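Everything below concerns the one structure shown next.
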Amino acid sequence: MTKDQMTDKDGVPSAENPPGTAPAGAVGAETRRIYWRENIRLLGMLLAIWFAVSFGAGILFVDVLNKVALGGFPLGFWFAQQGSIYVFVALIFIYSARMRAIERRLGLEPQKGAKR
Amino acid sequence: MSTTALTYLFVGLSFALYVGLAIWSRAGTTKEFYVAGAGVHPIANGMATAADWMSAASFISMAGIIAFAGYDGSVYLMGWTGGYVLLALLLAPYLRKFGQFTVPDFIGERYYSKAARVVAVVCLIAISFTYIAGQMRGVGVVFSHFLDIPIAWGVVVGMGIVFVYATLGGMKGITYTQVAQYCVLIFAYLTPAVFISMLMTGNPIPQLGLGAPLSDGSGLTVLEKLDATLVDLGFDEYTTGAKSRIDVFAITLALMVGTAGLPHVIVRFFTVPKVSDARKSAGYALVFIALLYTTAPAVGAFARLNFIETVHGAEYAAPPKTGGVPSFFRTFERIGLIAWVDKNEDGKIQYAAGPAIEGRPVFTGEAGPRGERLVANPPTATANEVEVDRDIMVLANPEIAGLPGWVVALVAAGGVAAALSTAAGLLLVISSSISHDLLKKTFLPSVSERGELVAARGAAIFAILVAGYLGVNPPGFVAQVVALAFGLAAASLFPAILMGIFFKDVNREGAIAGMIVGLVFTIGYIAYFKSPWFGATNSPEYWLFGISPEGIGVVGTALNFIVAFAVSRFTTPTPARIRALVDGIRSP
């Protein structure tokens, strides 16, 4: 039942998909394992930074960092109200780009979806 | 043209735009109605997500909350943006790969269970209705403030507009109107912020103005001046804050996890063409959100400083030019958002720490010796004479800074756009969970595509009526507990989805038990401290681990994970076909 809904235009096991974008089963199990392992490692790294800038710099160590000035801001306060947000944006784009690179390296080019 | 005429013009033009877009992008199939045919460009989806996400609360209330909470307000800034990192890294790409219509779809299929689907629908509806009542109220408040009509009429007008484009266009209509609404709301938010930043610091970029020296010749920066002024008046320092560290930590985490688990946000990532677009789109969404969220602390700080400097020590009865109180003070006093009690009877306004009166102001309808509106509340022992509603900070900002009428009109159109876009997104997830998850997937599988589309539109109408009712008659308890929506999303849906993707061993029994425990614990804790029924004292010494009801979703989330893992260990393992399904979701 899941299957037939997923054979939608941009779903997985569809004849419309160009070659090289076959469903999970057709890609080597080893390639998938490597892909998932690299994904998890990347996630771990990025989430560590996510935690460090918000919960670390913005909350747990805010008093220490507030002794340092960044322009007219106490540094900890800046992280809590400005800096962490800029880092969050960067993290998502880094993740997106790195995942594309991993997919390209392993020959797992993302499928071409439905054209508008 | 007068400010009121301009406001009618701006709001009317924006409404015409939304309805026009809805007619242009009518939905013809259930796929178009639920996920806009999965053909939305990642940048357009990013804008739509930003509008969907940023509600009347973000637009109107957040800067005010930060203005009065200072550092403590950071929990909202980090919590409501950091959630997008979790969403982009842990949920969105996989849910897009799964490729169906709703959040309960994923939970029902992954945990091979109609019961799990129904539990997810219950969570979704509880979260979304809590949230939507506030949005409809927001539309009403903006209307009544700027157009001087009763709140109830504002709600009705808002309902009418959402009715047209949500039932006609479904997700497709909503997406393109949300893109337009984003443009309106961000322009409306940034314009006064840039003006005020220029006025106060000479720097046109509010994000930099917040840390810049003031242009009043004092040689102090905005934050130094604010710290010094507040401490003088008996407040805590602006840049440090008063909440306990563990509470700040818990609230931030609960808001982040809750954001990532909100169904109306998640479902936006079902609308892009492919998996990599879901990641990119989350990045764009956060860029568009960050534009407002990094401006808000600047708006808050400027407004607080401006407010103190213009109000504290001002003569109530004198005209503004000769040391009197500025006119916005009386405007907001008239609509009940400011109250002044002349405790020392000197005719001057003293502003200081602590509440001025007991409870929320109740006006007697009589005028005091200086012409002020008298309140029935007993005054407190503090030196503070002013009771201020925090929401006025954004609404009054253009007036406080003396900006022209078209800026005021723009802020009105922006506030309405923010409230409408979020309301529409919420209505859609409510209606699709009813027509798709309850009807098609649970109780009446034989329904045709046409029938499901009719049901979806019917459910949207039903949801609009309920939301409108809640907007006109806001249940006091619900209004207080927007925290509930985030706590519930964090404790119920987020863990179930995350475990569905990353932990194949979590099975049907585990997921259902986890969601129920997380949900019941979080509702129970919030109701215990926030509702009038238990008579519990809502203060730190009674809280579990010192965590306030706003942050308790974190404990609910942890309980959900623990229970799900434990139950999964001792029950039938996940079947092989579901393990294969998870493998499929994990591949690009």
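Naming works like this for the structure tokens: A, B, ... for the chains as they're shown, residue 1 at the start of each chain, ligands 1 onward in shown order.
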Could you work out which residues of chain B fall inside 6 Å of chain A? Count only C-alpha atoms, and format the result as a list in words.
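For chain B, the answer reads Gly39, Ser74, Gly211, Ala212, Pro273, Lys274, Arg279, Lys280, Gly283, Thr294, Gly584, Ser587 and Pro588 of chain B.
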Which residues are close to segment 569-581 of chain B, i.e. within 9 Å by only C-alpha atoms, leaving aside same-chain residues fewer than 5 positions away? Reply as a PyMOL selection string.
(chain A and resi 2+24-25) or (chain B and resi 98+109-112+504-510+564+586)
Next, write the just-selected residues to a file, as a PDB file, in the first residue's frame, keeping N, CA and C atoms as the atom set.
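The resulting file, result.pdb, is shown below:
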ATOM      1  N   THR A   2       1.982   1.167   0.740  1.00  0.00           N
ATOM      2  CA  THR A   2       2.921   2.286   0.703  1.00  0.00           C
ATOM      3  C   THR A   2       3.521   2.384  -0.692  1.00  0.00           C
ATOM      4  N   ALA A  24      16.194   2.408  -3.545  1.00  0.00           N
ATOM      5  CA  ALA A  24      17.149   1.937  -2.563  1.00  0.00           C
ATOM      6  C   ALA A  24      17.687   0.550  -2.869  1.00  0.00           C
ATOM      7  N   GLY A  25      16.796  -0.374  -3.204  1.00  0.00           N
ATOM      8  CA  GLY A  25      17.201  -1.757  -3.391  1.00  0.00           C
ATOM      9  C   GLY A  25      18.230  -1.949  -4.485  1.00  0.00           C
TER      10      GLY A  25
ATOM     11  N   PHE B  98      10.130  10.122   1.824  1.00  0.00           N
ATOM     12  CA  PHE B  98       8.972   9.282   2.084  1.00  0.00           C
ATOM     13  C   PHE B  98       7.830   9.675   1.159  1.00  0.00           C
ATOM     14  N   GLU B 109       2.378   4.898   8.569  1.00  0.00           N
ATOM     15  CA  GLU B 109       3.037   3.913   7.707  1.00  0.00           C
ATOM     16  C   GLU B 109       4.273   3.329   8.384  1.00  0.00           C
ATOM     17  N   ARG B 110       5.080   4.180   8.966  1.00  0.00           N
ATOM     18  CA  ARG B 110       6.336   3.724   9.544  1.00  0.00           C
ATOM     19  C   ARG B 110       6.091   2.795  10.736  1.00  0.00           C
ATOM     20  N   TYR B 111       5.029   3.091  11.488  1.00  0.00           N
ATOM     21  CA  TYR B 111       4.737   2.229  12.634  1.00  0.00           C
ATOM     22  C   TYR B 111       3.586   1.275  12.328  1.00  0.00           C
ATOM     23  N   TYR B 112       3.337   1.048  10.997  1.00  0.00           N
ATOM     24  CA  TYR B 112       2.373   0.054  10.503  1.00  0.00           C
ATOM     25  C   TYR B 112       1.142  -0.068  11.400  1.00  0.00           C
ATOM     26  N   LYS B 504      15.654   1.839  13.530  1.00  0.00           N
ATOM     27  CA  LYS B 504      14.757   0.834  12.961  1.00  0.00           C
ATOM     28  C   LYS B 504      14.132  -0.037  14.032  1.00  0.00           C
ATOM     29  N   ASP B 505      14.815  -0.180  15.190  1.00  0.00           N
ATOM     30  CA  ASP B 505      14.321  -1.101  16.216  1.00  0.00           C
ATOM     31  C   ASP B 505      13.084  -0.583  16.942  1.00  0.00           C
ATOM     32  N   VAL B 506      12.815   0.717  16.822  1.00  0.00           N
ATOM     33  CA  VAL B 506      11.626   1.225  17.508  1.00  0.00           C
ATOM     34  C   VAL B 506      10.393   0.770  16.726  1.00  0.00           C
ATOM     35  N   ASN B 507       9.482   0.083  17.415  1.00  0.00           N
ATOM     36  CA  ASN B 507       8.352  -0.539  16.727  1.00  0.00           C
ATOM     37  C   ASN B 507       7.040   0.166  17.064  1.00  0.00           C
ATOM     38  N   ARG B 508       5.974  -0.410  16.562  1.00  0.00           N
ATOM     39  CA  ARG B 508       4.639   0.155  16.741  1.00  0.00           C
ATOM     40  C   ARG B 508       4.306   0.418  18.215  1.00  0.00           C
ATOM     41  N   GLU B 509       4.469  -0.635  19.042  1.00  0.00           N
ATOM     42  CA  GLU B 509       4.094  -0.512  20.454  1.00  0.00           C
ATOM     43  C   GLU B 509       4.918   0.584  21.133  1.00  0.00           C
ATOM     44  N   GLY B 510       6.219   0.603  20.818  1.00  0.00           N
ATOM     45  CA  GLY B 510       7.108   1.592  21.429  1.00  0.00           C
ATOM     46  C   GLY B 510       6.699   3.013  21.070  1.00  0.00           C
ATOM     47  N   ALA B 564       9.691   4.680  24.547  1.00  0.00           N
ATOM     48  CA  ALA B 564       9.654   4.033  23.233  1.00  0.00           C
ATOM     49  C   ALA B 564      10.749   2.967  23.117  1.00  0.00           C
ATOM     50  N   ARG B 586      16.214   6.444   3.820  1.00  0.00           N
ATOM     51  CA  ARG B 586      17.561   6.943   4.101  1.00  0.00           C
ATOM     52  C   ARG B 586      18.395   7.165   2.841  1.00  0.00           C
TER      53      ARG B 586
END
Report, in Å to a single decimal, how far apart atom CA of Ile125 of chain B and atom CA of Thr522 of chain B are.
15.5 Å
When you look at Trp543 of chain B with a cut-off of 10 Å (counting only C-alpha atoms), what residues show up, excluding the ones that are within fewer than 6 positions of it in the same chain? I need them as a PDB file with N, CA and C atoms, in the first residue's frame.
ATOM      1  N   TYR B 525       1.573  18.478  33.217  1.00  0.00           N
ATOM      2  CA  TYR B 525       2.446  19.404  33.935  1.00  0.00           C
ATOM      3  C   TYR B 525       2.024  20.855  33.687  1.00  0.00           C
ATOM      4  N   PHE B 529       0.306  23.602  36.522  1.00  0.00           N
ATOM      5  CA  PHE B 529       0.817  24.908  36.949  1.00  0.00           C
ATOM      6  C   PHE B 529       0.086  26.091  36.332  1.00  0.00           C
ATOM      7  N   THR B 537       1.016  26.585  42.865  1.00  0.00           N
ATOM      8  CA  THR B 537       1.744  27.836  42.747  1.00  0.00           C
ATOM      9  C   THR B 537       2.779  27.702  41.641  1.00  0.00           C
ATOM     10  N   PRO B 549       6.854  25.506  33.220  1.00  0.00           N
ATOM     11  CA  PRO B 549       5.972  24.846  32.249  1.00  0.00           C
ATOM     12  C   PRO B 549       6.373  25.137  30.797  1.00  0.00           C
ATOM     13  N   ILE B 552       9.050  22.481  29.957  1.00  0.00           N
ATOM     14  CA  ILE B 552       8.873  21.105  30.407  1.00  0.00           C
ATOM     15  C   ILE B 552       8.779  20.119  29.252  1.00  0.00           C
TER      16      ILE B 552
END
Enumerate, as JSON, numbers by chain, the complete set of residues in segment 19-108 of chain A that a backbone-based DSSP assignment places in helix (DSSP H, G or I).
{"A": [24, 25, 26, 29, 30, 31, 32, 33, 34, 35, 36, 37, 38, 39, 40, 41, 42, 43, 44, 45, 46, 47, 48, 49, 50, 51, 52, 53, 54, 55, 56, 57, 58, 59, 60, 62, 63, 64, 65, 75, 76, 77, 78, 79, 80, 81, 82, 83, 84, 85, 86, 87, 88, 89, 90, 91, 92, 93, 94, 95, 96, 97, 98, 99, 100, 101, 102, 103, 104, 105]}
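Residues lying within 8 Å of Asp52 of chain B, counting only C-alpha atoms and ignoring same-chain neighbours fewer than 3 positions away, are Ala48, Thr49, Ser55, Gln178, His264, Val265, Ala418, Ser421, Thr422, Ala423, Ala424 and Gly425 of chain B.
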I'd like to know which of B:Ala489, B:Leu544, B:Val362, B:Ile251 is closest to Tyr76 of chain B, using only C-alpha atoms.
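Between B:Ala489, B:Leu544, B:Val362, B:Ile251, the residue approaching Tyr76 of chain B most closely is B:Ile251.
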Find the spatial neighbours of Thr331 of chain B, counting only C-alpha atoms, within a cut-off of 10 Å - ignore same-chain residues fewer than 6 positions away - and output them as a list in words.
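Here the qualifying residues turn out to be His145, Leu337, Ile338 and Ala396 of chain B.
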Could you state the separation of atom CA of Leu444 of chain B and atom CA of Tyr165 of chain B in Å, given to one decimal place?
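That distance, rounded to one decimal, is 27.0 Å.
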Contact residues around segment 58-66 of chain B with only C-alpha atoms at 9 Å, ignoring same-chain residues under 6 positions, as number ranges by chain:
B: 72-74, 76-77, 138, 142, 185, 189, 292-293, 295-301, 303-304, 389-395, 414-415, 418-419
Interatomic distance between atom CA of Ile102 of chain A and atom CA of His41 of chain B?
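Those two atoms sit 22.9 Å apart.
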Rank B:Val472, B:Leu86, B:Ile349, B:Ala383 by their smallest atom-to-atom distance to Trp153 of chain B, using only C-alpha atoms, and report the top residue only.
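Closest to Trp153 of chain B of all the choices is B:Val472.
Backbone DSSP assigns strand (DSSP E) in segment 15-96 of chain A to Ala69, Leu70, Phe73 and Pro74 of chain A.
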